[in-house]
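This is data.txt (compact mmCIF, N, CA and C atoms).
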```txt
# COMPACT_ATOMS: atom_id res chain seq x y z
N MET A 238 -27.00 11.13 -10.33
CA MET A 238 -26.93 12.57 -10.46
C MET A 238 -26.46 12.91 -11.88
N SER A 239 -27.15 13.80 -12.52
CA SER A 239 -26.82 14.16 -13.90
C SER A 239 -25.58 15.05 -13.96
N LEU A 240 -25.02 15.18 -15.15
CA LEU A 240 -23.87 16.06 -15.35
C LEU A 240 -24.25 17.49 -14.97
N ARG A 241 -25.45 17.91 -15.35
CA ARG A 241 -25.91 19.27 -15.01
C ARG A 241 -25.91 19.46 -13.49
N ASN A 242 -26.41 18.48 -12.76
CA ASN A 242 -26.45 18.57 -11.29
C ASN A 242 -25.05 18.60 -10.69
N ARG A 243 -24.15 17.76 -11.24
CA ARG A 243 -22.78 17.75 -10.73
C ARG A 243 -22.10 19.08 -11.02
N CYS A 244 -22.34 19.65 -12.20
CA CYS A 244 -21.76 20.96 -12.53
C CYS A 244 -22.31 22.04 -11.61
N THR A 245 -23.60 22.00 -11.34
CA THR A 245 -24.22 22.98 -10.44
C THR A 245 -23.61 22.88 -9.05
N ALA A 246 -23.48 21.67 -8.54
CA ALA A 246 -22.91 21.46 -7.21
C ALA A 246 -21.46 21.93 -7.17
N PHE A 247 -20.72 21.63 -8.23
CA PHE A 247 -19.32 22.04 -8.29
C PHE A 247 -19.22 23.57 -8.33
N TYR A 248 -20.04 24.20 -9.13
CA TYR A 248 -20.02 25.66 -9.25
C TYR A 248 -20.37 26.32 -7.91
N GLN A 249 -21.34 25.78 -7.21
CA GLN A 249 -21.72 26.31 -5.90
C GLN A 249 -20.57 26.17 -4.90
N LYS A 250 -19.88 25.02 -4.97
CA LYS A 250 -18.73 24.82 -4.09
C LYS A 250 -17.63 25.81 -4.42
N MET A 251 -17.40 26.07 -5.71
CA MET A 251 -16.38 27.04 -6.11
C MET A 251 -16.73 28.43 -5.57
N GLN A 252 -17.99 28.80 -5.66
CA GLN A 252 -18.42 30.11 -5.15
C GLN A 252 -18.21 30.21 -3.64
N GLN A 253 -18.57 29.16 -2.93
CA GLN A 253 -18.41 29.15 -1.48
C GLN A 253 -16.93 29.23 -1.11
N ASP A 254 -16.10 28.43 -1.78
CA ASP A 254 -14.66 28.45 -1.50
C ASP A 254 -14.07 29.83 -1.78
N ALA A 255 -14.53 30.47 -2.86
CA ALA A 255 -14.02 31.81 -3.21
C ALA A 255 -14.42 32.82 -2.14
N MET A 256 -15.63 32.69 -1.63
CA MET A 256 -16.12 33.60 -0.61
C MET A 256 -15.23 33.52 0.64
N PHE A 257 -14.83 32.30 0.99
CA PHE A 257 -14.00 32.10 2.18
C PHE A 257 -12.51 32.03 1.85
N ARG A 258 -12.19 32.29 0.58
CA ARG A 258 -10.79 32.27 0.12
C ARG A 258 -10.11 30.95 0.46
N GLN A 259 -10.79 29.84 0.11
CA GLN A 259 -10.27 28.50 0.38
C GLN A 259 -9.92 27.81 -0.93
N GLY A 260 -8.90 26.98 -0.90
CA GLY A 260 -8.57 26.14 -2.04
C GLY A 260 -8.13 26.93 -3.26
N SER A 261 -7.96 26.21 -4.36
CA SER A 261 -7.57 26.79 -5.64
C SER A 261 -8.64 26.44 -6.67
N ALA A 262 -9.30 27.45 -7.20
CA ALA A 262 -10.35 27.21 -8.18
C ALA A 262 -9.82 26.48 -9.41
N VAL A 263 -8.60 26.81 -9.83
CA VAL A 263 -8.02 26.17 -11.01
C VAL A 263 -7.77 24.69 -10.74
N ASP A 264 -7.17 24.37 -9.59
CA ASP A 264 -6.92 22.96 -9.25
C ASP A 264 -8.23 22.18 -9.13
N ASP A 265 -9.23 22.80 -8.51
CA ASP A 265 -10.53 22.14 -8.38
C ASP A 265 -11.17 21.89 -9.74
N LEU A 266 -11.05 22.85 -10.64
CA LEU A 266 -11.62 22.70 -11.98
C LEU A 266 -10.91 21.59 -12.76
N ILE A 267 -9.60 21.54 -12.66
CA ILE A 267 -8.84 20.48 -13.34
C ILE A 267 -9.28 19.11 -12.83
N THR A 268 -9.39 18.97 -11.53
CA THR A 268 -9.82 17.70 -10.93
C THR A 268 -11.22 17.32 -11.41
N PHE A 269 -12.13 18.28 -11.43
CA PHE A 269 -13.50 18.03 -11.87
C PHE A 269 -13.53 17.57 -13.33
N VAL A 270 -12.77 18.23 -14.19
CA VAL A 270 -12.75 17.87 -15.62
C VAL A 270 -12.19 16.46 -15.81
N ILE A 271 -11.12 16.14 -15.11
CA ILE A 271 -10.54 14.79 -15.22
C ILE A 271 -11.55 13.73 -14.80
N ALA A 272 -12.22 13.97 -13.67
CA ALA A 272 -13.22 13.01 -13.18
C ALA A 272 -14.37 12.85 -14.16
N GLU A 273 -14.87 13.97 -14.70
CA GLU A 273 -16.00 13.90 -15.63
C GLU A 273 -15.59 13.27 -16.95
N HIS A 274 -14.37 13.49 -17.39
CA HIS A 274 -13.89 12.85 -18.63
C HIS A 274 -13.89 11.33 -18.45
N GLY A 275 -13.39 10.87 -17.31
CA GLY A 275 -13.38 9.43 -17.04
C GLY A 275 -14.78 8.86 -16.95
N ARG A 276 -15.69 9.59 -16.33
CA ARG A 276 -17.07 9.12 -16.18
C ARG A 276 -17.76 9.04 -17.55
N ALA A 277 -17.46 9.97 -18.45
CA ALA A 277 -18.12 10.01 -19.75
C ALA A 277 -17.73 8.84 -20.64
N LEU A 278 -16.64 8.16 -20.33
CA LEU A 278 -16.19 7.05 -21.15
C LEU A 278 -17.12 5.84 -21.08
N ASP A 279 -17.93 5.77 -20.04
CA ASP A 279 -18.78 4.59 -19.84
C ASP A 279 -20.09 5.02 -19.18
N PRO A 280 -21.22 4.86 -19.88
CA PRO A 280 -22.52 5.27 -19.31
C PRO A 280 -22.85 4.58 -17.98
N SER A 281 -22.30 3.40 -17.73
CA SER A 281 -22.59 2.71 -16.48
C SER A 281 -21.94 3.39 -15.28
N LEU A 282 -21.09 4.39 -15.53
CA LEU A 282 -20.44 5.11 -14.43
C LEU A 282 -21.23 6.34 -13.98
N ALA A 283 -22.42 6.53 -14.53
CA ALA A 283 -23.20 7.74 -14.27
C ALA A 283 -23.40 8.02 -12.78
N GLU A 284 -23.62 7.02 -11.99
CA GLU A 284 -23.90 7.21 -10.55
C GLU A 284 -22.72 6.84 -9.67
N THR A 285 -21.53 6.90 -10.21
CA THR A 285 -20.35 6.50 -9.44
C THR A 285 -19.58 7.70 -8.93
N PHE A 286 -18.61 7.44 -8.07
CA PHE A 286 -17.74 8.47 -7.52
C PHE A 286 -16.32 8.20 -8.00
N PRO A 287 -15.62 9.20 -8.52
CA PRO A 287 -14.29 8.98 -9.09
C PRO A 287 -13.17 8.98 -8.05
N LEU A 288 -12.10 8.33 -8.41
CA LEU A 288 -10.84 8.38 -7.68
C LEU A 288 -9.75 8.40 -8.74
N CYS A 289 -8.97 9.43 -8.75
CA CYS A 289 -7.92 9.58 -9.76
C CYS A 289 -6.57 9.43 -9.07
N LEU A 290 -5.75 8.50 -9.55
CA LEU A 290 -4.44 8.25 -8.97
C LEU A 290 -3.36 8.41 -10.04
N TYR A 291 -2.19 8.85 -9.61
CA TYR A 291 -1.05 8.98 -10.52
C TYR A 291 0.09 8.12 -10.00
N PHE A 292 0.82 7.48 -10.90
CA PHE A 292 1.89 6.57 -10.51
C PHE A 292 3.19 6.94 -11.21
N GLY A 293 4.28 6.58 -10.57
CA GLY A 293 5.60 6.87 -11.13
C GLY A 293 5.97 5.97 -12.28
N SER A 294 5.31 4.81 -12.39
CA SER A 294 5.63 3.90 -13.49
C SER A 294 4.41 3.08 -13.87
N HIS A 295 4.44 2.53 -15.07
CA HIS A 295 3.36 1.67 -15.54
C HIS A 295 3.24 0.45 -14.64
N ARG A 296 4.36 -0.08 -14.20
CA ARG A 296 4.36 -1.27 -13.34
C ARG A 296 3.65 -0.98 -12.01
N ASP A 297 3.93 0.18 -11.41
CA ASP A 297 3.26 0.56 -10.16
C ASP A 297 1.75 0.64 -10.37
N ARG A 298 1.34 1.23 -11.48
CA ARG A 298 -0.09 1.37 -11.76
C ARG A 298 -0.75 0.00 -11.88
N GLU A 299 -0.13 -0.91 -12.61
CA GLU A 299 -0.70 -2.24 -12.79
C GLU A 299 -0.77 -3.01 -11.47
N GLU A 300 0.22 -2.80 -10.61
CA GLU A 300 0.23 -3.48 -9.31
C GLU A 300 -0.97 -3.03 -8.46
N ILE A 301 -1.25 -1.74 -8.46
CA ILE A 301 -2.39 -1.22 -7.70
C ILE A 301 -3.70 -1.73 -8.28
N VAL A 302 -3.80 -1.76 -9.61
CA VAL A 302 -5.01 -2.28 -10.26
C VAL A 302 -5.27 -3.72 -9.81
N GLU A 303 -4.23 -4.53 -9.78
CA GLU A 303 -4.37 -5.93 -9.35
C GLU A 303 -4.84 -6.00 -7.89
N LEU A 304 -4.25 -5.18 -7.03
CA LEU A 304 -4.64 -5.18 -5.62
C LEU A 304 -6.10 -4.76 -5.43
N VAL A 305 -6.50 -3.72 -6.14
CA VAL A 305 -7.90 -3.25 -6.03
C VAL A 305 -8.85 -4.34 -6.51
N ARG A 306 -8.52 -4.97 -7.61
CA ARG A 306 -9.39 -6.04 -8.13
C ARG A 306 -9.49 -7.21 -7.17
N GLU A 307 -8.41 -7.48 -6.45
CA GLU A 307 -8.43 -8.55 -5.46
C GLU A 307 -9.41 -8.24 -4.33
N VAL A 308 -9.33 -7.02 -3.83
CA VAL A 308 -10.13 -6.62 -2.68
C VAL A 308 -11.57 -6.28 -3.08
N LYS A 309 -11.74 -5.57 -4.19
CA LYS A 309 -13.06 -5.12 -4.66
C LYS A 309 -13.23 -5.52 -6.13
N PRO A 310 -13.54 -6.78 -6.40
CA PRO A 310 -13.61 -7.24 -7.79
C PRO A 310 -14.66 -6.53 -8.65
N SER A 311 -15.66 -5.92 -8.04
CA SER A 311 -16.70 -5.25 -8.83
C SER A 311 -16.34 -3.80 -9.18
N THR A 312 -15.19 -3.32 -8.72
CA THR A 312 -14.78 -1.94 -9.00
C THR A 312 -14.51 -1.76 -10.48
N LYS A 313 -15.04 -0.67 -11.05
CA LYS A 313 -14.77 -0.37 -12.45
C LYS A 313 -13.50 0.45 -12.52
N ILE A 314 -12.59 0.02 -13.37
CA ILE A 314 -11.31 0.71 -13.52
C ILE A 314 -11.20 1.19 -14.96
N LYS A 315 -10.97 2.49 -15.12
CA LYS A 315 -10.77 3.07 -16.44
C LYS A 315 -9.38 3.68 -16.48
N ARG A 316 -8.60 3.27 -17.44
CA ARG A 316 -7.25 3.84 -17.59
C ARG A 316 -7.36 5.07 -18.49
N MET A 317 -6.82 6.15 -18.00
CA MET A 317 -6.81 7.38 -18.78
C MET A 317 -5.35 7.72 -19.09
N PRO A 318 -5.11 8.16 -20.28
CA PRO A 318 -3.70 8.48 -20.64
C PRO A 318 -3.14 9.58 -19.78
```
Could you write out this structure as structure tokens?
Amino acid sequence: MSLRNRCTAFYQKMQQDAMFRQGSAVDDLITFVIAEHGRALDPSLAETFPLCLYFGSHRDREEIVELVREVKPSTKIKRMP
């Protein structure tokens, strides 16, 4: 799915949520931008689905990365500041 298609789908979802007064458009937009920024870092991520996690410490983050790699070695992991 192209960036244009993802933006269109996101915009339509925002309109639907606004119509039913659901969710927070600002929070949804922030999440979308973070996911698209991560995807743009690597062209091979074009057809992937993002998962953004936050950790209390660098050590916690590295521990989760190790666990994910153990279970799903083909998972692409991009560290974002």
For segment 259-265 of chain A, find every residue with an atom within 10 Å (counting only C-alpha atoms), except residues of its own chain fewer than 5 positions away, and show them as a compact mmCIF listing (two decimals) with N, CA and C atoms, in the coordinates of the input.
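Contents of result.txt, freshly written:
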```txt
# COMPACT_ATOMS: atom_id res chain seq x y z
N PHE A 247 -20.72 21.63 -8.23
CA PHE A 247 -19.32 22.04 -8.29
C PHE A 247 -19.22 23.57 -8.33
N TYR A 248 -20.04 24.20 -9.13
CA TYR A 248 -20.02 25.66 -9.25
C TYR A 248 -20.37 26.32 -7.91
N LYS A 250 -19.88 25.02 -4.97
CA LYS A 250 -18.73 24.82 -4.09
C LYS A 250 -17.63 25.81 -4.42
N MET A 251 -17.40 26.07 -5.71
CA MET A 251 -16.38 27.04 -6.11
C MET A 251 -16.73 28.43 -5.57
N GLN A 252 -17.99 28.80 -5.66
CA GLN A 252 -18.42 30.11 -5.15
C GLN A 252 -18.21 30.21 -3.64
N GLN A 253 -18.57 29.16 -2.93
CA GLN A 253 -18.41 29.15 -1.48
C GLN A 253 -16.93 29.23 -1.11
N ASP A 254 -16.10 28.43 -1.78
CA ASP A 254 -14.66 28.45 -1.50
C ASP A 254 -14.07 29.83 -1.78
N VAL A 270 -12.77 18.23 -14.19
CA VAL A 270 -12.75 17.87 -15.62
C VAL A 270 -12.19 16.46 -15.81
```
Subject >> Distance in Å - atom CA of Val305 of chain A versus atom N of Ala277 of chain A >> reply: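 Here the two named atoms are 20.5 Å from each other.
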**OP:** Report the distance between atom CA of Glu303 of chain A and atom CA of Pro287 of chain A in Å, rounded to one decimal place.
**Re:**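 It comes out at 17.9 Å.
Note that atom CA of Ser239 of chain A and atom CA of Cys289 of chain A are 19.9 Å apart.
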**OP:** Give the answer as one residue: which of A:Met256, A:Ile271, A:Ala283, A:Leu304 has the shortest atom-to-atom distance to Asn242 of chain A, using only C-alpha atoms?
**Re:**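 Between A:Met256, A:Ile271, A:Ala283, A:Leu304, the residue approaching Asn242 of chain A most closely is A:Ala283.
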Subject >> Which residue of A:Leu278, A:Glu273, A:Ser311, A:Phe257 approaches Cys244 of chain A most closely, using only C-alpha atoms >> reply: A:Glu273
Subject >> Top pick for closest residue to Met238 of chain A, considering A:Ile301, A:Val308, A:Leu282, A:Leu266 and counting only C-alpha atoms >> reply: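 The answer is A:Leu282, which sits nearest to Met238 of chain A.
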Subject >> Minimum-distance residue to Phe286 of chain A, chosen among A:Arg298, A:Ala272, A:Ala255, A:Arg316 (using only N, CA and C atoms) >> reply: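 Among the listed residues, A:Ala272 lies closest to Phe286 of chain A.
Distances to Glu284 of chain A were evaluated for A:Arg258, A:Arg243, A:Lys315, A:Arg296 using only C-alpha atoms, and the minimum falls at A:Arg243.
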